[in-house]
Amino acid sequence: MSMDQLITTILTSTAVTSALGLLFRVWWEHRLRSGFEAQLEQQKEAHEIALTDMQHRFQDELERARAEMNLQNQIAQVLMDRRVKFYSRIVELVYRIRNTLRGALEEQVVEPEHVTRFKGTIDNLEEMIFCSRFDLERDRYFEPVHRFKNDAVNARNLLLDLLEYQQRANVEDRELVLSALREQYQILDAHHTEVVGLLSSPHVFTGVKF
Amino acid sequence: MPRVLLLLSILYMDIDILNHSPRFENTVFDALALSDLPEDHFETTLCENLRGKLDSFQPNQIILHAGRAFQKHPRAVLSALRASQLREPALQIGCDRSPEVVRRYLEQASPQEETVGLLAVIVENDALLELVSKIF
């Protein structure tokens with residue numbers, strides 16, 4: 001083999017090898033890209049399905065949370081309305097009891113119908129306490145309101161005693177009862193301020209304890 | 001002289017007012033508060049306290065205030081009162097609520113159990129009703 005032939009053979013082999021290498025590279029790259037693209041497409045689809053599923057679940061949960069929140073708001077509103085209604089009535093009765101007793105002490109003479117009315121107001125207060133006992137218990141207002149009611153019952157018993165001594169014209173004992181009634185009024189007045197303060201507090205109208 | 005034991009929820013009622021009242025000149029009052037009793041041994045302690053009062057105060061009548069404390073333990077209170085009545089058969093037991101209301105409290109507290117036997121503990125007569133209306 002001559003030198004020319006050898007060089008030609010080497011160059012030809014090199015060219016063929018390079019061409020084959022290039023072809024293989026192009027083929028390999030194409031194969032790889034196709035595989036990757038197929039995988040990518042599969043993953044994309046899987047992600048899209050997962051994403052859609054997540055969106056649906058999120059939407060469901062959002063709806064559920066929204067419905068729950070609406071229900072809670074409705075319940076809170078009903079409770080608030082009920083509380084405002086009963087508490088306003090209790091405050092009104094507490095005022096009336098305190099003022100009636102103050103009036104009796106100012107006049108220093110008790111009429112049977114005054115005591116009957118006073119008892120009627122206490123009975124109404126007792127009924128209101130009974131109707132709103134769950135709200136009062138939950139708000140921890142039951143004790144002061146109940147204590148006020150008992151102050152009023154004590155005052156009513158003293159008023160009845162006063163009436164009895166008035167009818168018997170027993171001045172000395174009447175004075176003793178009047179003095180006890182004044183003391184009872186001081187207690188009742190202090191508890192009245194506490195009850196009115198509690199039952200008219202912003203908490204009653206907002207549901208938030210300040 | 002009649003001796004009346006008041007079974008109250010809490011001792012806010014001034015017993016001295018009643019004991020010095022011209023309206024109850026021949027009556028002596030004493031009181032027992034249900035709210036002072038321990039929750040875990042409520043009935044046992046109430047029975048003991050009632051026994052103590054039956055011995056020391058010797059009441060002819062017991063007036064039950066069916067308030068919050070009673071509403072919590074209606075069966076225990078009425079059972080303890082029934083035990084007191086068995087011990088002192090002449091003892092009269094009244095209540096500031098009608099038997100119908102007491103029955104409702106019993107049913108609310110334990111719907112499955114019988115109420116008739118326990119309700120029979122409470123007596124309703126004119127003298128007791130008048131006494132109740134004068135106290136509460």
# chains A, B, ... in the order shown; residues from 1 in each chain; ligands from 1
call {"tool": "residues_around", "arguments": {"residues": "Glu124 of chain B", "least_positions_apart": "6", "cutoff": "12 Å", "atoms": "only C-alpha atoms", "output": "list in words"}}
result
Ile63, Gln92, Ile93, Gly94, Cys95, Asp96, Arg97, Ser98, Pro99, Glu100, Glu130, Leu131 and Val132 of chain B
call {"tool": "residues_around", "arguments": {"residues": "segment 111-127 of chain A", "least_positions_apart": "6", "cutoff": "9 Å", "atoms": "only C-alpha atoms", "output": "list in words"}}
result
Arg89, Ile90, Leu93, Val94, Arg96, Ile97, Thr100, Leu101, Ala104, His146, Lys149, Ala152, Val153, Arg156, Leu159, Leu160 and Leu163 of chain A
call {"tool": "interface_residues", "arguments": {"of": "chain B", "to": "chain A", "cutoff": "8 Å", "atoms": "only C-alpha atoms", "output": "number ranges by chain"}}
result
B: 12-14, 17-18, 21-23, 134-136
call {"tool": "write_last_selection", "arguments": {"atoms": "C-alpha atoms", "output": "CSV table (one decimal), in the first residue's frame"}}
result
chain,number,residue,atom,x,y,z
B,12,TYR,CA,-78.4,34.6,100.7
B,13,MET,CA,-81.8,34.7,102.5
B,14,ASP,CA,-81.6,36.4,105.9
B,17,ILE,CA,-85.4,38.7,109.3
B,18,LEU,CA,-87.8,35.7,109.4
B,21,SER,CA,-90.7,38.9,111.9
B,22,PRO,CA,-94.1,39.8,113.4
B,23,ARG,CA,-95.6,37.7,110.7
B,134,LYS,CA,-95.0,34.3,103.0
B,135,ILE,CA,-91.3,33.4,102.9
B,136,PHE,CA,-90.3,33.5,99.2
call {"tool": "atom_distance", "arguments": {"atom1": "atom CA of Arg83 of chain A", "atom2": "atom CA of Ser110 of chain B"}}
result
27.9 Å
call {"tool": "select_by_dssp", "arguments": {"residues": "segment 25-105 of chain B", "states": "alpha helix (DSSP H)", "output": "number ranges by chain"}}
result
B: 42-56, 68-72, 74-87, 99-105
call {"tool": "residues_around", "arguments": {"residues": "Gln166 of chain A", "least_positions_apart": "5", "cutoff": "9 Å", "atoms": "only C-alpha atoms", "output": "ChimeraX atom specification"}}
result
/A:109-110,161,171,174
call {"tool": "write_last_selection", "arguments": {"atoms": "C-alpha atoms", "output": "mmCIF file, in the first residue's frame"}}
result
data_model
loop_
_atom_site.group_PDB
_atom_site.id
_atom_site.type_symbol
_atom_site.label_atom_id
_atom_site.label_comp_id
_atom_site.auth_asym_id
_atom_site.auth_seq_id
_atom_site.Cartn_x
_atom_site.Cartn_y
_atom_site.Cartn_z
ATOM 1 C CA VAL A 109 -95.281 54.524 104.851
ATOM 2 C CA VAL A 110 -96.029 51.260 103.119
ATOM 3 C CA ASP A 161 -92.980 43.336 108.603
ATOM 4 C CA VAL A 171 -94.040 52.589 116.519
ATOM 5 C CA ARG A 174 -91.707 49.794 113.150
#
call {"tool": "atom_distance", "arguments": {"atom1": "atom CA of Phe86 of chain A", "atom2": "atom CA of Val101 of chain B"}}
result
21.5 Å
call {"tool": "closest_residue", "arguments": {"among": "B:Val28, B:Gln71, B:Leu78, B:Ala83", "to": "Glu48 of chain B", "atoms": "only C-alpha atoms"}}
result
B:Ala83
call {"tool": "residues_around", "arguments": {"residues": "Ala76 of chain B", "least_positions_apart": "6", "cutoff": "9 Å", "atoms": "only C-alpha atoms", "output": "JSON, numbers by chain"}}
result
{"B": [42, 43, 44, 46, 70]}
call {"tool": "atom_distance", "arguments": {"atom1": "atom CA of Gln77 of chain A", "atom2": "atom CA of Leu198 of chain A"}}
result
19.6 Å
